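S.K.: Sharing target16.cif below, mmCIF, C-alpha atoms and all ligand atoms:
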```cif
data_coords
#
loop_
_atom_site.group_PDB
_atom_site.id
_atom_site.type_symbol
_atom_site.label_atom_id
_atom_site.label_comp_id
_atom_site.auth_asym_id
_atom_site.auth_seq_id
_atom_site.Cartn_x
_atom_site.Cartn_y
_atom_site.Cartn_z
ATOM 1 C CA MET A 1 149.433 81.581 108.580
ATOM 2 C CA THR A 2 147.434 84.625 107.464
ATOM 3 C CA ARG A 3 147.801 85.279 103.747
ATOM 4 C CA SER A 4 149.204 88.665 102.762
ATOM 5 C CA PHE A 5 150.141 90.263 99.430
ATOM 6 C CA LEU A 6 153.712 91.437 99.907
ATOM 7 C CA ARG A 7 155.279 90.651 96.531
ATOM 8 C CA ASP A 8 154.026 89.582 93.139
ATOM 9 C CA ASP A 9 154.937 85.918 93.542
ATOM 10 C CA ASP A 10 152.802 85.611 96.665
ATOM 11 C CA LEU A 11 150.088 84.698 94.137
ATOM 12 C CA THR A 12 150.495 81.471 92.173
ATOM 13 C CA PRO A 13 149.594 81.599 88.479
ATOM 14 C CA VAL A 14 146.171 80.134 89.271
ATOM 15 C CA GLU A 15 145.603 82.622 92.112
ATOM 16 C CA GLN A 16 146.744 85.570 89.998
ATOM 17 C CA ALA A 17 144.242 84.587 87.289
ATOM 18 C CA GLU A 18 141.538 84.236 89.964
ATOM 19 C CA VAL A 19 142.245 87.724 91.354
ATOM 20 C CA LEU A 20 142.292 89.253 87.860
ATOM 21 C CA ALA A 21 138.963 87.598 87.009
ATOM 22 C CA LEU A 22 137.530 88.929 90.263
ATOM 23 C CA ALA A 23 138.861 92.403 89.394
ATOM 24 C CA ALA A 24 137.106 92.282 86.023
ATOM 25 C CA SER A 25 133.815 91.258 87.623
ATOM 26 C CA LEU A 26 134.118 93.942 90.322
ATOM 27 C CA LYS A 27 134.782 96.495 87.592
ATOM 28 C CA ALA A 28 131.618 95.407 85.775
ATOM 29 C CA ALA A 29 129.492 95.839 88.937
ATOM 30 C CA PRO A 30 131.473 98.127 91.275
ATOM 31 C CA TYR A 31 128.831 98.552 93.998
ATOM 32 C CA ASP A 32 127.400 95.030 94.250
ATOM 33 C CA HIS A 33 130.018 93.161 96.275
ATOM 34 C CA LYS A 34 130.486 94.090 99.967
ATOM 35 C CA PRO A 35 132.932 91.670 101.658
ATOM 36 C CA LEU A 36 134.050 94.496 103.990
ATOM 37 C CA ALA A 37 130.483 95.225 105.149
ATOM 38 C CA GLY A 38 130.243 96.044 108.820
ATOM 39 C CA PRO A 39 132.005 98.251 107.983
ATOM 40 C CA ARG A 40 135.336 96.516 108.482
ATOM 41 C CA THR A 41 138.263 98.903 108.718
ATOM 42 C CA VAL A 42 141.288 98.782 106.434
ATOM 43 C CA ALA A 43 144.264 100.780 107.761
ATOM 44 C CA MET A 44 146.364 102.629 105.173
ATOM 45 C CA ILE A 45 149.823 104.001 105.958
ATOM 46 C CA PHE A 46 151.969 105.997 103.530
ATOM 47 C CA ASP A 47 155.627 106.684 104.271
ATOM 48 C CA LYS A 48 156.203 107.922 100.694
ATOM 49 C CA ALA A 49 154.251 110.267 98.438
ATOM 50 C CA THR A 50 150.970 109.025 96.968
ATOM 51 C CA LEU A 51 148.064 110.068 94.788
ATOM 52 C CA ARG A 52 146.669 107.046 92.919
ATOM 53 C CA THR A 53 147.290 104.574 95.714
ATOM 54 C CA GLN A 54 145.591 106.573 98.460
ATOM 55 C CA ALA A 55 142.696 107.563 96.189
ATOM 56 C CA SER A 56 142.121 104.111 94.726
ATOM 57 C CA PHE A 57 142.383 102.243 98.038
ATOM 58 C CA SER A 58 140.099 104.756 99.802
ATOM 59 C CA ALA A 59 137.455 104.587 97.077
ATOM 60 C CA GLY A 60 137.839 100.820 96.708
ATOM 61 C CA ILE A 61 137.525 100.069 100.437
ATOM 62 C CA ALA A 62 134.348 102.201 100.585
ATOM 63 C CA GLU A 63 132.905 100.421 97.522
ATOM 64 C CA LEU A 64 133.504 97.063 99.240
ATOM 65 C CA GLY A 65 131.430 98.287 102.211
ATOM 66 C CA GLY A 66 134.447 99.001 104.422
ATOM 67 C CA ASN A 67 135.961 101.932 106.269
ATOM 68 C CA PRO A 68 139.263 103.348 104.958
ATOM 69 C CA MET A 69 141.366 104.493 107.932
ATOM 70 C CA LEU A 70 144.333 106.698 107.065
ATOM 71 C CA VAL A 71 147.084 106.324 109.674
ATOM 72 C CA ASP A 72 149.542 109.206 109.493
ATOM 73 C CA GLY A 73 152.942 107.545 109.192
ATOM 74 C CA GLY A 74 154.673 110.684 110.487
ATOM 75 C CA LEU A 75 152.539 110.851 113.646
ATOM 76 C CA ALA A 76 152.742 107.116 114.242
ATOM 77 C CA GLY A 77 156.545 107.131 113.889
ATOM 78 C CA ILE A 78 156.662 103.478 112.912
ATOM 79 C CA GLY A 79 160.022 101.968 113.789
ATOM 80 C CA LYS A 80 161.009 105.160 115.652
ATOM 81 C CA ARG A 81 158.374 106.034 118.233
ATOM 82 C CA GLU A 82 157.396 102.399 118.537
ATOM 83 C CA SER A 83 158.561 99.212 116.930
ATOM 84 C CA ILE A 84 157.038 97.780 113.763
ATOM 85 C CA ALA A 85 156.026 94.714 115.769
ATOM 86 C CA ASP A 86 154.087 96.795 118.319
ATOM 87 C CA VAL A 87 152.406 98.896 115.612
ATOM 88 C CA ALA A 88 151.454 95.688 113.803
ATOM 89 C CA ARG A 89 149.872 94.178 116.918
ATOM 90 C CA VAL A 90 147.938 97.370 117.670
ATOM 91 C CA LEU A 91 146.644 97.885 114.120
ATOM 92 C CA GLY A 92 145.797 94.190 113.844
ATOM 93 C CA ARG A 93 143.336 94.701 116.730
ATOM 94 C CA GLN A 94 141.639 97.666 114.997
ATOM 95 C CA ALA A 95 141.670 96.788 111.341
ATOM 96 C CA SER A 96 140.769 93.777 109.185
ATOM 97 C CA GLN A 97 143.607 94.495 106.745
ATOM 98 C CA ILE A 98 146.640 96.789 106.608
ATOM 99 C CA VAL A 99 147.872 98.575 103.476
ATOM 100 C CA TRP A 100 151.395 100.000 103.773
ATOM 101 C CA ARG A 101 153.647 101.980 101.443
ATOM 102 C CA THR A 102 157.149 102.110 102.827
ATOM 103 C CA TYR A 103 160.833 101.737 101.991
ATOM 104 C CA ALA A 104 162.269 98.384 103.078
ATOM 105 C CA GLN A 105 160.566 95.148 102.084
ATOM 106 C CA ALA A 106 161.782 93.674 105.389
ATOM 107 C CA SER A 107 159.654 96.209 107.304
ATOM 108 C CA LEU A 108 156.560 95.066 105.441
ATOM 109 C CA ASP A 109 157.443 91.427 106.086
ATOM 110 C CA GLU A 110 157.670 92.186 109.806
ATOM 111 C CA MET A 111 154.300 93.963 109.792
ATOM 112 C CA ALA A 112 152.754 90.925 108.112
ATOM 113 C CA ALA A 113 154.404 88.487 110.524
ATOM 114 C CA MET A 114 153.157 90.358 113.612
ATOM 115 C CA SER A 115 149.747 91.864 112.764
ATOM 116 C CA GLY A 116 147.593 88.734 112.522
ATOM 117 C CA VAL A 117 145.650 90.289 109.620
ATOM 118 C CA PRO A 118 146.369 90.413 105.861
ATOM 119 C CA VAL A 119 148.944 93.050 104.893
ATOM 120 C CA ILE A 120 149.072 94.528 101.383
ATOM 121 C CA ASN A 121 152.163 96.047 99.787
ATOM 122 C CA ALA A 122 151.235 99.507 98.497
ATOM 123 C CA LEU A 123 154.841 99.926 97.161
ATOM 124 C CA THR A 124 158.221 99.278 98.684
ATOM 125 C CA ASP A 125 161.708 99.908 97.326
ATOM 126 C CA ASP A 126 161.610 96.373 95.897
ATOM 127 C CA PHE A 127 158.077 95.729 94.598
ATOM 128 C CA HIS A 128 154.823 97.381 93.542
ATOM 129 C CA PRO A 129 152.532 94.352 93.185
ATOM 130 C CA CYS A 130 149.185 96.183 93.305
ATOM 131 C CA GLN A 131 150.296 98.291 90.344
ATOM 132 C CA LEU A 132 151.139 95.115 88.465
ATOM 133 C CA LEU A 133 147.682 93.630 88.976
ATOM 134 C CA ALA A 134 146.242 96.869 87.570
ATOM 135 C CA ASP A 135 148.686 96.702 84.663
ATOM 136 C CA LEU A 136 147.849 93.077 83.888
ATOM 137 C CA LEU A 137 144.122 93.828 84.078
ATOM 138 C CA THR A 138 144.670 96.675 81.604
ATOM 139 C CA VAL A 139 146.667 94.496 79.211
ATOM 140 C CA GLN A 140 144.045 91.748 79.448
ATOM 141 C CA GLU A 141 141.284 94.237 78.616
ATOM 142 C CA HIS A 142 143.109 95.610 75.589
ATOM 143 C CA LYS A 143 144.678 92.388 74.293
ATOM 144 C CA GLY A 144 142.147 89.768 75.390
ATOM 145 C CA ALA A 145 144.732 87.579 77.168
ATOM 146 C CA LEU A 146 148.145 87.713 78.842
ATOM 147 C CA ALA A 147 149.965 84.422 78.228
ATOM 148 C CA GLY A 148 152.315 84.517 75.267
ATOM 149 C CA LEU A 149 152.459 88.315 74.956
ATOM 150 C CA THR A 150 155.823 90.080 74.931
ATOM 151 C CA VAL A 151 156.331 93.052 77.246
ATOM 152 C CA ALA A 152 159.330 95.390 77.176
ATOM 153 C CA PHE A 153 160.108 97.418 80.306
ATOM 154 C CA LEU A 154 162.405 100.358 79.533
ATOM 155 C CA GLY A 155 164.451 102.486 81.916
ATOM 156 C CA ASP A 156 165.220 101.781 85.566
ATOM 157 C CA GLY A 157 164.826 98.030 85.501
ATOM 158 C CA ALA A 158 166.244 97.779 89.014
ATOM 159 C CA CYS A 159 163.341 99.694 90.568
ATOM 160 C CA ASN A 160 160.241 98.225 92.175
ATOM 161 C CA MET A 161 158.371 98.250 88.827
ATOM 162 C CA GLY A 162 161.112 96.328 87.011
ATOM 163 C CA ASN A 163 161.159 93.636 89.690
ATOM 164 C CA SER A 164 157.396 93.434 89.804
ATOM 165 C CA TRP A 165 157.049 93.166 86.026
ATOM 166 C CA LEU A 166 159.554 90.298 86.047
ATOM 167 C CA LEU A 167 157.673 88.305 88.660
ATOM 168 C CA ALA A 168 154.081 89.170 87.775
ATOM 169 C CA GLY A 169 154.666 88.972 84.021
ATOM 170 C CA ALA A 170 156.297 85.550 84.360
ATOM 171 C CA THR A 171 153.400 84.429 86.585
ATOM 172 C CA ALA A 172 150.993 85.472 83.815
ATOM 173 C CA GLY A 173 152.971 83.495 81.216
ATOM 174 C CA MET A 174 154.284 86.594 79.450
ATOM 175 C CA HIS A 175 157.697 87.087 77.847
ATOM 176 C CA VAL A 176 159.278 89.856 79.901
ATOM 177 C CA ARG A 177 162.232 91.846 78.544
ATOM 178 C CA ILE A 178 163.887 94.309 80.905
ATOM 179 C CA SER A 179 165.962 96.984 79.185
ATOM 180 C CA GLY A 180 168.089 99.387 81.189
ATOM 181 C CA PRO A 181 171.663 100.680 81.317
ATOM 182 C CA GLU A 182 174.365 98.766 83.156
ATOM 183 C CA GLY A 183 173.708 98.790 86.884
ATOM 184 C CA TYR A 184 169.989 99.421 86.425
ATOM 185 C CA VAL A 185 168.627 95.933 85.826
ATOM 186 C CA PRO A 186 167.086 93.574 88.385
ATOM 187 C CA ASP A 187 169.591 91.412 90.225
ATOM 188 C CA GLU A 188 170.307 87.839 89.190
ATOM 189 C CA ALA A 189 168.228 86.338 91.984
ATOM 190 C CA MET A 190 165.189 88.191 90.638
ATOM 191 C CA PHE A 191 165.764 86.873 87.112
ATOM 192 C CA ALA A 192 166.274 83.380 88.532
ATOM 193 C CA ARG A 193 162.988 83.559 90.446
ATOM 194 C CA ALA A 194 161.137 84.893 87.403
ATOM 195 C CA SER A 195 162.623 82.171 85.183
ATOM 196 C CA GLU A 196 161.616 79.518 87.704
ATOM 197 C CA ILE A 197 158.017 80.781 87.555
ATOM 198 C CA ALA A 198 158.145 81.200 83.767
ATOM 199 C CA ALA A 199 159.182 77.551 83.379
ATOM 200 C CA THR A 200 155.758 76.606 84.769
ATOM 201 C CA THR A 201 153.710 79.137 82.773
ATOM 202 C CA GLY A 202 155.374 79.153 79.346
ATOM 203 C CA GLY A 203 156.689 82.691 79.811
ATOM 204 C CA SER A 204 160.265 83.964 79.936
ATOM 205 C CA ALA A 205 162.340 86.655 81.642
ATOM 206 C CA VAL A 206 165.398 88.242 80.031
ATOM 207 C CA SER A 207 167.588 91.317 80.199
ATOM 208 C CA GLU A 208 168.183 93.119 76.864
ATOM 209 C CA SER A 209 170.368 96.196 77.120
ATOM 210 C CA ASP A 210 169.594 97.372 73.566
ATOM 211 C CA PRO A 211 166.276 99.248 73.792
ATOM 212 C CA VAL A 212 165.470 98.747 70.098
ATOM 213 C CA LYS A 213 165.941 94.973 70.384
ATOM 214 C CA ALA A 214 163.943 94.988 73.624
ATOM 215 C CA VAL A 215 160.855 96.577 72.065
ATOM 216 C CA ALA A 216 161.127 94.730 68.710
ATOM 217 C CA GLY A 217 157.729 93.128 68.093
ATOM 218 C CA ALA A 218 156.549 93.693 71.683
ATOM 219 C CA GLU A 219 152.806 93.996 72.207
ATOM 220 C CA VAL A 220 153.257 95.909 75.460
ATOM 221 C CA VAL A 221 155.762 98.714 76.147
ATOM 222 C CA VAL A 222 156.201 99.914 79.726
ATOM 223 C CA THR A 223 158.247 102.574 81.431
ATOM 224 C CA ASP A 224 158.455 104.323 84.788
ATOM 225 C CA THR A 225 160.180 107.369 86.227
ATOM 226 C CA TRP A 226 163.974 107.254 86.112
ATOM 227 C CA ILE A 227 164.087 108.687 89.638
ATOM 228 C CA SER A 228 162.035 106.613 92.036
ATOM 229 C CA MET A 229 160.995 107.937 95.419
ATOM 230 C CA GLY A 230 164.049 107.837 97.677
ATOM 231 C CA LYS A 231 166.514 108.193 94.753
ATOM 232 C CA GLU A 232 166.238 111.974 94.351
ATOM 233 C CA ALA A 233 169.898 112.547 95.319
ATOM 234 C CA GLU A 234 170.968 110.494 92.277
ATOM 235 C CA ALA A 235 168.803 112.467 89.831
ATOM 236 C CA ASP A 236 171.620 114.062 87.790
ATOM 237 C CA ALA A 237 173.648 110.860 87.461
ATOM 238 C CA ARG A 238 170.562 108.923 86.445
ATOM 239 C CA ARG A 239 169.482 111.400 83.758
ATOM 240 C CA THR A 240 172.847 110.999 82.008
ATOM 241 C CA VAL A 241 172.568 107.208 81.579
ATOM 242 C CA PHE A 242 168.874 106.712 80.877
ATOM 243 C CA GLY A 243 168.562 108.868 77.730
ATOM 244 C CA PRO A 244 168.641 105.978 75.187
ATOM 245 C CA TYR A 245 165.821 104.233 77.054
ATOM 246 C CA ALA A 246 163.299 107.064 76.658
ATOM 247 C CA VAL A 247 160.004 105.843 75.206
ATOM 248 C CA THR A 248 159.774 108.050 72.123
ATOM 249 C CA PRO A 249 157.665 107.661 68.955
ATOM 250 C CA ASP A 250 160.817 106.369 67.173
ATOM 251 C CA LEU A 251 161.348 103.646 69.753
ATOM 252 C CA VAL A 252 157.669 102.629 69.859
ATOM 253 C CA ALA A 253 157.781 102.293 66.049
ATOM 254 C CA HIS A 254 159.891 99.140 66.564
ATOM 255 C CA ALA A 255 157.178 97.501 68.671
ATOM 256 C CA SER A 256 154.168 95.638 67.299
ATOM 257 C CA ALA A 257 151.976 97.993 65.211
ATOM 258 C CA ASP A 258 149.137 97.681 67.729
ATOM 259 C CA ALA A 259 151.349 97.822 70.823
ATOM 260 C CA ILE A 260 149.967 99.501 73.919
ATOM 261 C CA VAL A 261 152.036 101.741 76.194
ATOM 262 C CA LEU A 262 151.793 101.698 79.988
ATOM 263 C CA HIS A 263 153.206 103.985 82.674
ATOM 264 C CA CYS A 264 152.282 103.693 86.351
ATOM 265 C CA LEU A 265 152.576 107.508 86.815
ATOM 266 C CA PRO A 266 153.667 110.036 87.881
ATOM 267 C CA ALA A 267 155.186 110.637 84.428
ATOM 268 C CA TYR A 268 157.845 113.112 83.376
ATOM 269 C CA ARG A 269 157.154 114.041 79.761
ATOM 270 C CA GLY A 270 160.360 114.600 77.843
ATOM 271 C CA SER A 271 162.339 112.327 80.185
ATOM 272 C CA GLU A 272 161.344 108.659 80.354
ATOM 273 C CA ILE A 273 158.403 109.139 77.981
ATOM 274 C CA ALA A 274 157.619 111.583 75.178
ATOM 275 C CA ALA A 275 154.423 113.629 75.432
ATOM 276 C CA GLU A 276 153.363 112.328 71.958
ATOM 277 C CA VAL A 277 153.494 108.788 73.321
ATOM 278 C CA ILE A 278 151.829 109.152 76.715
ATOM 279 C CA ASP A 279 149.170 111.452 75.287
ATOM 280 C CA GLY A 280 148.906 109.506 72.013
ATOM 281 C CA PRO A 281 146.609 106.741 70.739
ATOM 282 C CA GLN A 282 148.721 103.799 71.962
ATOM 283 C CA SER A 283 148.743 104.997 75.568
ATOM 284 C CA VAL A 284 146.437 103.193 78.019
ATOM 285 C CA VAL A 285 147.654 104.996 81.127
ATOM 286 C CA TRP A 286 144.267 106.353 82.242
ATOM 287 C CA ASP A 287 142.666 102.899 82.080
ATOM 288 C CA GLU A 288 145.705 101.679 83.996
ATOM 289 C CA ALA A 289 145.213 104.343 86.688
ATOM 290 C CA GLU A 290 141.513 103.513 87.019
ATOM 291 C CA ASN A 291 142.276 99.810 87.224
ATOM 292 C CA ARG A 292 144.245 100.319 90.437
ATOM 293 C CA ARG A 293 140.891 100.509 92.225
ATOM 294 C CA HIS A 294 139.407 97.398 90.633
ATOM 295 C CA ALA A 295 142.573 95.329 91.060
ATOM 296 C CA GLN A 296 143.079 96.339 94.698
ATOM 297 C CA LYS A 297 139.412 95.681 95.493
ATOM 298 C CA ALA A 298 139.930 92.189 94.125
ATOM 299 C CA VAL A 299 143.002 91.632 96.319
ATOM 300 C CA MET A 300 141.170 92.829 99.438
ATOM 301 C CA ALA A 301 138.053 90.769 98.631
ATOM 302 C CA TRP A 302 140.205 87.713 97.892
ATOM 303 C CA LEU A 303 142.156 88.061 101.163
ATOM 304 C CA GLN A 304 138.922 88.653 103.124
ATOM 305 C CA ASP A 305 137.275 85.511 101.766
ATOM 306 C CA PRO A 306 135.847 83.708 104.853
ATOM 307 C CA ALA A 307 137.036 80.289 103.659
ATOM 308 C CA ARG A 308 140.579 81.586 103.263
ATOM 309 C CA LEU A 309 140.579 83.353 106.653
ATOM 310 C CA GLU A 310 139.289 80.201 108.337
ATOM 311 C CA ALA A 311 141.943 78.056 106.618
ATOM 312 C CA ASP A 312 144.594 80.562 107.727
ATOM 313 C CA HIS A 313 143.726 79.967 111.356
ATOM 314 C CA GLU A 314 143.781 76.193 111.192
HETATM 315 N N1 LIG B 401 159.261 103.419 90.732
HETATM 316 C C1 LIG B 401 158.395 104.485 91.186
HETATM 317 C C2 LIG B 401 156.960 104.063 91.148
HETATM 318 C C3 LIG B 401 155.990 105.159 91.470
HETATM 319 C C4 LIG B 401 154.542 104.700 91.542
HETATM 320 C C5 LIG B 401 158.799 104.893 92.591
HETATM 321 O O1 LIG B 401 159.092 104.028 93.410
HETATM 322 O O2 LIG B 401 158.836 106.092 92.861
#
```
Represent the structure of the file as structure tokens.

M.R.:
Amino acid sequence: MTRSFLRDDDLTPVEQAEVLALAASLKAAPYDHKPLAGPRTVAMIFDKATLRTQASFSAGIAELGGNPMLVDGGLAGIGKRESIADVARVLGRQASQIVWRTYAQASLDEMAAMSGVPVINALTDDFHPCQLLADLLTVQEHKGALAGLTVAFLGDGACNMGNSWLLAGATAGMHVRISGPEGYVPDEAMFARASEIAATTGGSAVSESDPVKAVAGAEVVVTDTWISMGKEAEADARRTVFGPYAVTPDLVAHASADAIVLHCLPAYRGSEIAAEVIDGPQSVVWDEAENRRHAQKAVMAWLQDPARLEADHE
């Protein structure tokens, strides 16, 4: 079975550490490693808006010696003009890997099942695992390690970023606290999965509805937009419940004195995060944005490893 990267727990703790170490070494020497030489083509499809993901995958694929191929999701009409299964089989004959940003996780699963090549989740409604590898790389750079650190995620805990922090943070052995209003926390199955992973890594995964308690002593504070792509119709209702979860200087004052603040962007200053925080000294968001490229290069290089591809076909 071909390995893909569809959700954060597709990587075991050992594999996640391996990919993060590879990301750090690729960052140190960005033009030295060419596993996509040929060039091999990586197809990228975006059904939702993008800036960082398209830019970082395009640059990263080129740095690995490959050819980034942008497939226009609108023209392709995936699931409308032709089935996901047929698109998968066609792209699998043209490209060595497929990167897809879409809505339903089940669509991505089908692409991976049918394409015969590694598929990478570039964000779905449920997960954003490439962002999490970039986030973990950023935390590791600033804090020296991941295991044992406490991270507080504030705001829409039920979005892709909340789910991904639960799974990826637990995999890294971190203590993950998700803090959102009622109805905006990950579902119980997600907490159960994260706790199962955390039991093997020494981490933990909890929901804490009080934002002050959630950030108390945390070394890492994270937020994300309150209105994820696809949720625009709920914007007004969401703004009324998320207010207490805004990452303001007052809230960050409850975290560890040397806490760092992450945001995957795009950010809405004055809503989920105050300008003084995102543009202040504790913010690491520009390192985080840069690290998308290094982390994703590591995932592609790891999936393209000849030994792994050979084992997949056995
Ligand atoms: N939760 C956000 C992440 C954006 C990168 C969204 O899905 O829109």

S.K.: Could you spell out the hits of the PyMOL selection byres (((not hetatm)) within 8 of (chain B and resi 401)) on the shown file, as a list in words?

M.R.: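 That selection, the PyMOL selection byres (((not hetatm)) within 8 of (chain B and resi 401)), comes back as Thr50, Leu123, Thr124, Asp125, His128, Gln131, Cys159, Asn160, Met161, Asp224, Thr225, Trp226, Ile227, Ser228, Met229, Gly230, Cys264, Leu265 and Pro266 of chain A.
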
S.K.: Adding 3 Å on each side of the box along x, y and z that holds all listed atoms of range 221-239 of chain A, could you give its centre and edge lengths in Å to one decimal, as JSON?

M.R.:
```
{"center_x": 164.7, "center_y": 106.4, "center_z": 86.9, "size_x": 23.9, "size_y": 21.3, "size_z": 27.5}
```

S.K.: Fewer than 2 positions away in the same chain doesn't count, so skip those; otherwise give me all residues within 6 Å of range 102-112 of chain A, counting only C-alpha atoms, as a list in words.

M.R.: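 Non-adjacent residues within range: Asp47, Ala88, Met114, Ser115, Val119, Thr124 and Asp125 of chain A.
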
S.K.: Could you state which residues are captured by the PyMOL selection byres (((chain A and resi 294) around 10) and not hetatm) in this file, as a PyMOL selection string?

M.R.: chain A and resi 20+22-28+30+56-57+59-60+63+133-134+137+289-293+295-299

S.K.: I'd like the neighbourhood of range 178-180 of chain A as a list of chain:residue names, where a residue qualifies if any of its atoms comes within 9 Å (using all atoms listed in the file), though same-chain residues fewer than 5 positions away should be ignored.

M.R.: A:Val151, A:Ala152, A:Phe153, A:Leu154, A:Gly155, A:Asp156, A:Gly157, A:Ala158, A:Gly162, A:Trp165, A:Leu166, A:Val185, A:Pro186, A:Ala205, A:Val206, A:Ser207, A:Glu208, A:Ser209, A:Asp210, A:Pro211, A:Ala214, A:Val215, A:Phe242, A:Pro244, A:Tyr245

S.K.: Between CA of Ile45 in chain A and CA of Arg101 in chain A, measure the distance and give it in Å to one decimal.

M.R.: 6.3 Å

S.K.: So how many Å separate CA of Gly173 in chain A and CA of Gly280 in chain A, to one decimal?

M.R.: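 Computing the Euclidean distance for CA of Gly173 in chain A and CA of Gly280 in chain A yields 27.9 Å.
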
S.K.: Please expand the PyMOL selection byres (((chain A and resi 221) around 12) and not hetatm) into the concrete residues it hits in this file, giving the result as a ChimeraX atom specification.

M.R.: /A:135,139,149-155,165,175-179,211-212,214-220,222-224,245-249,251-264,273,277-278,282-285

S.K.: When you count all atoms listed in the file, which of these residues is closest to Gln16 in chain A: A:Cys130, A:Met69, A:Val42, A:Ala62?

M.R.: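 Ranked by minimum distance to Gln16 in chain A, first place goes to A:Cys130.
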
S.K.: Select, from A:Pro13, A:Gly148, A:Pro118, A:Gly203, the residue with the minimum atom-to-atom distance to Leu303 in chain A, counting all atoms listed in the file.

M.R.: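 Answer, going by the shortest atom-to-atom distance: A:Pro118.
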
S.K.: Find, counting only C-alpha atoms, the residue in A:Met174, A:Lys80, A:Val90, A:Gly38 that gets nearest to Ala145 in chain A.

M.R.: A:Met174

S.K.: As a ChimeraX atom specification, please: the residues near range 94-99 of chain A (cut-off 6 Å, all atoms listed in the file, same-chain neighbours under 2 positions excluded).

M.R.: /A:41-44,91-92,117-120

S.K.: Just checking: using only C-alpha atoms, which residue out of A:Met190, A:Ala49, A:Gly66, A:Arg7 ends up closest to Ala301 in chain A?

M.R.: A:Gly66

S.K.: Of the residues A:Leu36, A:Asp9, A:Glu15, A:Pro68, which is the one nearest to Gly169 in chain A, using only C-alpha atoms?

M.R.: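 Smallest distance to Gly169 in chain A is found for A:Asp9.
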
S.K.: In Å, how far is it from CA of Leu167 in chain A to CA of Ala194 in chain A?

M.R.: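 Computing the Euclidean distance for CA of Leu167 in chain A and CA of Ala194 in chain A yields 5.0 Å.
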
S.K.: Within 6 Å of (140.6, 98.6, 81.1), all atoms listed in the file: residues as a compact mmCIF listing (two decimals) with C-alpha atoms, in the frame of the given file?

M.R.:
```txt
# COMPACT_ATOMS: atom_id res chain seq x y z
CA THR A 138 144.67 96.68 81.60
CA GLU A 141 141.28 94.24 78.62
CA ASP A 287 142.67 102.90 82.08
```

S.K.: Please determine, counting all atoms listed in the file, which residue among A:Pro181, A:Pro35, A:Gly79, A:Gly65 has the shortest atom-to-atom distance to Gly243 in chain A.

M.R.: A:Pro181

S.K.: Can I get range 130-142 of chain A with N, CA and C atoms filled in, as a PDB file, keeping the file's coordinate frame?

M.R.:
```pdb
ATOM      1  N   CYS A 130     150.555  95.738  93.612  1.00  0.00           N
ATOM      2  CA  CYS A 130     149.185  96.183  93.305  1.00  0.00           C
ATOM      3  C   CYS A 130     149.150  96.869  91.940  1.00  0.00           C
ATOM      4  N   GLN A 131     150.204  97.643  91.653  1.00  0.00           N
ATOM      5  CA  GLN A 131     150.296  98.291  90.344  1.00  0.00           C
ATOM      6  C   GLN A 131     150.316  97.237  89.239  1.00  0.00           C
ATOM      7  N   LEU A 132     151.031  96.147  89.498  1.00  0.00           N
ATOM      8  CA  LEU A 132     151.139  95.115  88.465  1.00  0.00           C
ATOM      9  C   LEU A 132     149.821  94.438  88.192  1.00  0.00           C
ATOM     10  N   LEU A 133     148.997  94.232  89.237  1.00  0.00           N
ATOM     11  CA  LEU A 133     147.682  93.630  88.976  1.00  0.00           C
ATOM     12  C   LEU A 133     146.849  94.578  88.119  1.00  0.00           C
ATOM     13  N   ALA A 134     146.959  95.884  88.391  1.00  0.00           N
ATOM     14  CA  ALA A 134     146.242  96.869  87.570  1.00  0.00           C
ATOM     15  C   ALA A 134     146.771  96.852  86.140  1.00  0.00           C
ATOM     16  N   ASP A 135     148.083  96.732  85.999  1.00  0.00           N
ATOM     17  CA  ASP A 135     148.686  96.702  84.663  1.00  0.00           C
ATOM     18  C   ASP A 135     148.230  95.456  83.898  1.00  0.00           C
ATOM     19  N   LEU A 136     148.250  94.317  84.570  1.00  0.00           N
ATOM     20  CA  LEU A 136     147.849  93.077  83.888  1.00  0.00           C
ATOM     21  C   LEU A 136     146.374  93.124  83.511  1.00  0.00           C
ATOM     22  N   LEU A 137     145.553  93.679  84.398  1.00  0.00           N
ATOM     23  CA  LEU A 137     144.122  93.828  84.078  1.00  0.00           C
ATOM     24  C   LEU A 137     143.959  94.694  82.828  1.00  0.00           C
ATOM     25  N   THR A 138     144.746  95.754  82.746  1.00  0.00           N
ATOM     26  CA  THR A 138     144.670  96.675  81.604  1.00  0.00           C
ATOM     27  C   THR A 138     145.106  95.977  80.309  1.00  0.00           C
ATOM     28  N   VAL A 139     146.189  95.218  80.393  1.00  0.00           N
ATOM     29  CA  VAL A 139     146.667  94.496  79.211  1.00  0.00           C
ATOM     30  C   VAL A 139     145.610  93.478  78.769  1.00  0.00           C
ATOM     31  N   GLN A 140     145.067  92.763  79.753  1.00  0.00           N
ATOM     32  CA  GLN A 140     144.045  91.748  79.448  1.00  0.00           C
ATOM     33  C   GLN A 140     142.836  92.391  78.750  1.00  0.00           C
ATOM     34  N   GLU A 141     142.434  93.548  79.230  1.00  0.00           N
ATOM     35  CA  GLU A 141     141.284  94.237  78.616  1.00  0.00           C
ATOM     36  C   GLU A 141     141.571  94.633  77.165  1.00  0.00           C
ATOM     37  N   HIS A 142     142.796  95.107  76.933  1.00  0.00           N
ATOM     38  CA  HIS A 142     143.109  95.610  75.589  1.00  0.00           C
ATOM     39  C   HIS A 142     143.558  94.519  74.632  1.00  0.00           C
TER      40      HIS A 142
END
```
